[in-house]
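Down below is the structure, laid out as structure tokens.
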Amino acid sequence: MEIGRYHWMYPGSKNHQYHPVPTLGDRAGPLSSPGCFECCIKCLGGVPYASLVATILCFSGVALFCGCGHVALAGTVAILEQHFSTNASDHALLSEVIQLMQYVIYGIASFFFLYGIILLAEGFYTTSAVKELHGEFKTTACGRCISGMFVFLTYVLGVAWLGVFGFSAVPVFMFYNIWSTCEVIKSPQTNGTAGVEQICVDIRQYGIIPWNAFPGKICGSALENICNTNEFYMSYHLFIVACAGAGATVIALIHFLMILSSNWAYLKDASKMQAYQDIKAKEEQELQDIQSRSKEQLNSYT
């Protein structure tokens, strides 16, 4: 009898009977089942963390660029209509271009949402292919071709977003010039003097409205009032955030490009290793067949 495993009945019972006491192993719950920890580690090991970080950075950058850029463009149109170009025909072309850019922003947001998910799924596929190189999973020529296509497409998008990043810096430069001019007007050296009204900003020199637009140029206290409006303050800072979002998207695409290039190289090496293993297995099988036939012939002679 094991000590502590059985106990006797009460003394008044007729027959001395014993009942088993459950041990610690009998009380174990489902959480202590063997292999759970190993399964979790295996699942976490198959996550493409680099692709996951790049996807989050890409989504964040595109969201900042599209959201802030859309609102900033609307604020810019309001500032132009109220202060720099009171005649609607003078900035009609600019209004159409800005409206078209807002529709393009919708398309960019939708496309990169789908493209980021596809690249993340491709990262999961490549990670599984590399980690299960010596298992039953086999890489295919189609999978390697798709990986190469994503490398090329991501390179093209990265170059395009470099242009978008440079283009998004143009309104930041324009608003910074207006803001710095307003700071000069507010400075103690020029505030309250007659030279304040000679400090002007001519928005026509940037080429966004024609030279015959009226008034086109704002000076002195009127310019200071523009800088104090909510439209100017919000548009200026939103353009800065949009430019930062475009830069983050460029970094994310460069990150994706490095990941895809590395994964494509891994898949290429994996395909060569698979071909070598298949040839080696075939040669070993042929050698075994030759040896078995030789033994059969020797046995037949004896």
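Quick note on naming: the chains in the structure tokens go A, B, ... in the order shown, residues restart at 1 in each chain, and ligands are numbered from 1 in order of appearance.
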
Counting only C-alpha atoms, which residues in segment 24-123 of chain A sit no more than 6 Å from segment 252-276 of chain A? For each one, give the nearest pair of atoms and the distance in Å, sorted by chain then residue number, as JSON lines.
{"residue": "A:Ala54", "atom": "CA", "partner": "A:Ala252", "partner_atom": "CA", "distance": 5.1}
{"residue": "A:Leu57", "atom": "CA", "partner": "A:Ala252", "partner_atom": "CA", "distance": 5.7}
{"residue": "A:Cys58", "atom": "CA", "partner": "A:Ala252", "partner_atom": "CA", "distance": 5.1}

Include all heavy atoms and write out the residues we just selected as an mmCIF file, in the first residue's frame.
data_model
loop_
_atom_site.group_PDB
_atom_site.id
_atom_site.type_symbol
_atom_site.label_atom_id
_atom_site.label_comp_id
_atom_site.auth_asym_id
_atom_site.auth_seq_id
_atom_site.Cartn_x
_atom_site.Cartn_y
_atom_site.Cartn_z
ATOM 1 N N ALA A 54 7.178 46.526 -40.505
ATOM 2 C CA ALA A 54 7.100 47.329 -41.723
ATOM 3 C C ALA A 54 5.653 47.616 -42.110
ATOM 4 O O ALA A 54 5.334 48.718 -42.581
ATOM 5 C CB ALA A 54 7.820 46.608 -42.861
ATOM 6 N N LEU A 57 4.316 50.343 -39.774
ATOM 7 C CA LEU A 57 4.900 51.635 -40.145
ATOM 8 C C LEU A 57 4.300 52.157 -41.441
ATOM 9 O O LEU A 57 4.027 53.364 -41.577
ATOM 10 C CB LEU A 57 6.418 51.486 -40.278
ATOM 11 C CG LEU A 57 7.214 52.762 -40.580
ATOM 12 C CD1 LEU A 57 7.017 53.787 -39.472
ATOM 13 C CD2 LEU A 57 8.688 52.437 -40.752
ATOM 14 N N CYS A 58 4.059 51.263 -42.399
ATOM 15 C CA CYS A 58 3.464 51.678 -43.671
ATOM 16 C C CYS A 58 2.034 52.170 -43.475
ATOM 17 O O CYS A 58 1.644 53.217 -44.016
ATOM 18 C CB CYS A 58 3.503 50.517 -44.657
ATOM 19 S SG CYS A 58 2.848 50.892 -46.294
#

Problem - Within 12 Å of Ile178 of chain A using only C-alpha atoms, minus same-chain residues under 5 positions, as a PyMOL selection string - result: chain A and resi 171-173+183-185+199-203+206+217-220+223-228+232-233+236

Problem - Close residues, Ala242 of chain A itself excluded, 6 Å, only C-alpha atoms, min 5 positions apart in chain, as number ranges by chain - result: A: 64-65, 68-69

Selection above as a file: N, CA and C atoms, as an mmCIF file, in the first residue's frame:
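After the write, result.cif holds the following:
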data_model
loop_
_atom_site.group_PDB
_atom_site.id
_atom_site.type_symbol
_atom_site.label_atom_id
_atom_site.label_comp_id
_atom_site.auth_asym_id
_atom_site.auth_seq_id
_atom_site.Cartn_x
_atom_site.Cartn_y
_atom_site.Cartn_z
ATOM 1 N N LEU A 64 -1.340 58.934 -41.919
ATOM 2 C CA LEU A 64 -1.003 60.328 -41.612
ATOM 3 C C LEU A 64 -0.972 61.178 -42.873
ATOM 4 N N PHE A 65 -0.364 60.660 -43.933
ATOM 5 C CA PHE A 65 -0.274 61.441 -45.165
ATOM 6 C C PHE A 65 -1.652 61.694 -45.763
ATOM 7 N N CYS A 68 -4.150 63.769 -42.942
ATOM 8 C CA CYS A 68 -3.726 65.157 -42.720
ATOM 9 C C CYS A 68 -3.641 65.927 -44.031
ATOM 10 N N GLY A 69 -3.174 65.264 -45.102
ATOM 11 C CA GLY A 69 -3.091 65.957 -46.382
ATOM 12 C C GLY A 69 -4.452 66.360 -46.924
#

Exercise for the section: Name the residues of segment 215-259 of chain A that fall into helix (DSSP H, G or I) according to DSSP on the backbone, using the chain letters and numbers of this document, as a PyMOL selection string. Expected result: chain A and resi 220-227+230-259

Please save N, CA and C atoms of the selected residues as an mmCIF file, in the first residue's frame.
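Output below, filename again-v2.cif:
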data_model
loop_
_atom_site.group_PDB
_atom_site.id
_atom_site.type_symbol
_atom_site.label_atom_id
_atom_site.label_comp_id
_atom_site.auth_asym_id
_atom_site.auth_seq_id
_atom_site.Cartn_x
_atom_site.Cartn_y
_atom_site.Cartn_z
ATOM 1 N N GLY A 220 1.516 93.580 -44.065
ATOM 2 C CA GLY A 220 1.327 94.182 -42.759
ATOM 3 C C GLY A 220 0.374 93.447 -41.839
ATOM 4 N N SER A 221 -0.527 94.245 -41.243
ATOM 5 C CA SER A 221 -1.454 93.715 -40.242
ATOM 6 C C SER A 221 -2.425 92.704 -40.839
ATOM 7 N N ALA A 222 -2.773 92.865 -42.125
ATOM 8 C CA ALA A 222 -3.668 91.895 -42.767
ATOM 9 C C ALA A 222 -3.004 90.521 -42.835
ATOM 10 N N LEU A 223 -1.717 90.501 -43.110
ATOM 11 C CA LEU A 223 -0.984 89.233 -43.133
ATOM 12 C C LEU A 223 -0.896 88.628 -41.731
ATOM 13 N N GLU A 224 -0.728 89.482 -40.734
ATOM 14 C CA GLU A 224 -0.684 88.987 -39.354
ATOM 15 C C GLU A 224 -2.016 88.371 -38.950
ATOM 16 N N ASN A 225 -3.110 88.970 -39.418
ATOM 17 C CA ASN A 225 -4.430 88.410 -39.116
ATOM 18 C C ASN A 225 -4.623 87.038 -39.765
ATOM 19 N N ILE A 226 -4.056 86.865 -40.965
ATOM 20 C CA ILE A 226 -4.146 85.554 -41.621
ATOM 21 C C ILE A 226 -3.411 84.504 -40.800
ATOM 22 N N CYS A 227 -2.246 84.853 -40.295
ATOM 23 C CA CYS A 227 -1.464 83.893 -39.515
ATOM 24 C C CYS A 227 -2.145 83.534 -38.203
ATOM 25 N N ASN A 230 -7.461 80.055 -37.548
ATOM 26 C CA ASN A 230 -7.378 78.616 -37.310
ATOM 27 C C ASN A 230 -7.052 77.847 -38.589
ATOM 28 N N GLU A 231 -7.539 78.345 -39.733
ATOM 29 C CA GLU A 231 -7.260 77.647 -40.986
ATOM 30 C C GLU A 231 -5.761 77.602 -41.277
ATOM 31 N N PHE A 232 -5.082 78.726 -41.062
ATOM 32 C CA PHE A 232 -3.651 78.761 -41.324
ATOM 33 C C PHE A 232 -2.895 77.883 -40.330
ATOM 34 N N TYR A 233 -3.247 77.983 -39.069
ATOM 35 C CA TYR A 233 -2.545 77.209 -38.033
ATOM 36 C C TYR A 233 -2.711 75.701 -38.281
ATOM 37 N N MET A 234 -3.940 75.267 -38.545
ATOM 38 C CA MET A 234 -4.194 73.849 -38.745
ATOM 39 C C MET A 234 -3.559 73.350 -40.046
ATOM 40 N N SER A 235 -3.696 74.119 -41.124
ATOM 41 C CA SER A 235 -3.155 73.675 -42.410
ATOM 42 C C SER A 235 -1.636 73.558 -42.346
ATOM 43 N N TYR A 236 -0.985 74.519 -41.701
ATOM 44 C CA TYR A 236 0.472 74.489 -41.601
ATOM 45 C C TYR A 236 0.955 73.240 -40.875
ATOM 46 N N HIS A 237 0.372 72.962 -39.718
ATOM 47 C CA HIS A 237 0.819 71.808 -38.931
ATOM 48 C C HIS A 237 0.378 70.482 -39.564
ATOM 49 N N LEU A 238 -0.776 70.472 -40.224
ATOM 50 C CA LEU A 238 -1.205 69.240 -40.891
ATOM 51 C C LEU A 238 -0.311 68.906 -42.082
ATOM 52 N N PHE A 239 0.152 69.926 -42.801
ATOM 53 C CA PHE A 239 1.098 69.672 -43.890
ATOM 54 C C PHE A 239 2.412 69.109 -43.352
ATOM 55 N N ILE A 240 2.849 69.573 -42.194
ATOM 56 C CA ILE A 240 4.069 69.031 -41.584
ATOM 57 C C ILE A 240 3.879 67.561 -41.231
ATOM 58 N N VAL A 241 2.724 67.233 -40.636
ATOM 59 C CA VAL A 241 2.455 65.835 -40.265
ATOM 60 C C VAL A 241 2.321 64.971 -41.519
ATOM 61 N N ALA A 242 1.686 65.504 -42.565
ATOM 62 C CA ALA A 242 1.558 64.752 -43.813
ATOM 63 C C ALA A 242 2.925 64.476 -44.438
ATOM 64 N N CYS A 243 3.807 65.456 -44.384
ATOM 65 C CA CYS A 243 5.167 65.259 -44.896
ATOM 66 C C CYS A 243 5.901 64.193 -44.079
ATOM 67 N N ALA A 244 5.723 64.231 -42.761
ATOM 68 C CA ALA A 244 6.333 63.201 -41.908
ATOM 69 C C ALA A 244 5.747 61.824 -42.224
ATOM 70 N N GLY A 245 4.444 61.753 -42.488
ATOM 71 C CA GLY A 245 3.827 60.486 -42.859
ATOM 72 C C GLY A 245 4.375 59.940 -44.170
ATOM 73 N N ALA A 246 4.610 60.839 -45.143
ATOM 74 C CA ALA A 246 5.210 60.396 -46.403
ATOM 75 C C ALA A 246 6.623 59.866 -46.176
ATOM 76 N N GLY A 247 7.384 60.521 -45.290
ATOM 77 C CA GLY A 247 8.721 60.020 -44.966
ATOM 78 C C GLY A 247 8.673 58.663 -44.289
ATOM 79 N N ALA A 248 7.704 58.482 -43.378
ATOM 80 C CA ALA A 248 7.557 57.173 -42.718
ATOM 81 C C ALA A 248 7.184 56.091 -43.725
ATOM 82 N N THR A 249 6.374 56.432 -44.710
ATOM 83 C CA THR A 249 6.006 55.460 -45.738
ATOM 84 C C THR A 249 7.215 55.067 -46.582
ATOM 85 N N VAL A 250 8.068 56.040 -46.886
ATOM 86 C CA VAL A 250 9.298 55.734 -47.633
ATOM 87 C C VAL A 250 10.179 54.768 -46.840
ATOM 88 N N ILE A 251 10.322 55.032 -45.538
ATOM 89 C CA ILE A 251 11.126 54.146 -44.688
ATOM 90 C C ILE A 251 10.515 52.742 -44.647
ATOM 91 N N ALA A 252 9.183 52.673 -44.553
ATOM 92 C CA ALA A 252 8.514 51.373 -44.520
ATOM 93 C C ALA A 252 8.734 50.606 -45.831
ATOM 94 N N LEU A 253 8.670 51.297 -46.962
ATOM 95 C CA LEU A 253 8.870 50.620 -48.248
ATOM 96 C C LEU A 253 10.319 50.158 -48.405
ATOM 97 N N ILE A 254 11.266 50.946 -47.914
ATOM 98 C CA ILE A 254 12.666 50.503 -47.933
ATOM 99 C C ILE A 254 12.829 49.266 -47.055
ATOM 100 N N HIS A 255 12.169 49.274 -45.897
ATOM 101 C CA HIS A 255 12.201 48.113 -45.006
ATOM 102 C C HIS A 255 11.595 46.901 -45.707
ATOM 103 N N PHE A 256 10.455 47.093 -46.363
ATOM 104 C CA PHE A 256 9.831 46.004 -47.114
ATOM 105 C C PHE A 256 10.758 45.488 -48.221
ATOM 106 N N LEU A 257 11.447 46.417 -48.887
ATOM 107 C CA LEU A 257 12.326 46.019 -49.978
ATOM 108 C C LEU A 257 13.466 45.140 -49.476
ATOM 109 N N MET A 258 14.052 45.488 -48.336
ATOM 110 C CA MET A 258 15.106 44.653 -47.763
ATOM 111 C C MET A 258 14.569 43.285 -47.359
ATOM 112 N N ILE A 259 13.373 43.266 -46.762
ATOM 113 C CA ILE A 259 12.782 41.993 -46.336
ATOM 114 C C ILE A 259 12.481 41.106 -47.534
#

Exercise for the section: Per DSSP on the backbone, filter segment 157-262 of chain A down to the residues in strand (DSSP E) and report them as a list in words. Expected result: Cys200, Val201, Asp202, Lys217, Ile218 and Cys219 of chain A

Problem - segment 96-106 of chain A surroundings by only C-alpha atoms, 10 Å radius, close-in-sequence under 3 positions cut, as number ranges by chain - result: A: 62-63, 65-67, 69-71, 73-74, 76-77, 91-93, 109-111

Practice task
For atom CA of Phe214 of chain A and atom CA of Asp90 of chain A, determine how far apart the two atoms are, in Å to one decimal place.
Solution key: 8.2 Å

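Comparing A:Phe37, A:Phe84, A:Phe150, A:Trp211 by their smallest distance to Leu120 of chain A, the closest is A:Phe150 (using only C-alpha atoms).
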
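Atom CA of Glu122 of chain A is positioned 11.0 Å from atom CA of Leu52 of chain A.
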
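Take the candidates A:Phe167, A:Phe112, A:Phe152, A:Tyr125 and check each one against Val47 of chain A using only C-alpha atoms; the shortest distance goes to A:Tyr125.
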
Completion exercise
In terms of only C-alpha atoms, the residue from A:Arg293, A:Thr126, A:Ala160, A:Cys43 at minimal distance from Arg144 of chain A is A:Thr126
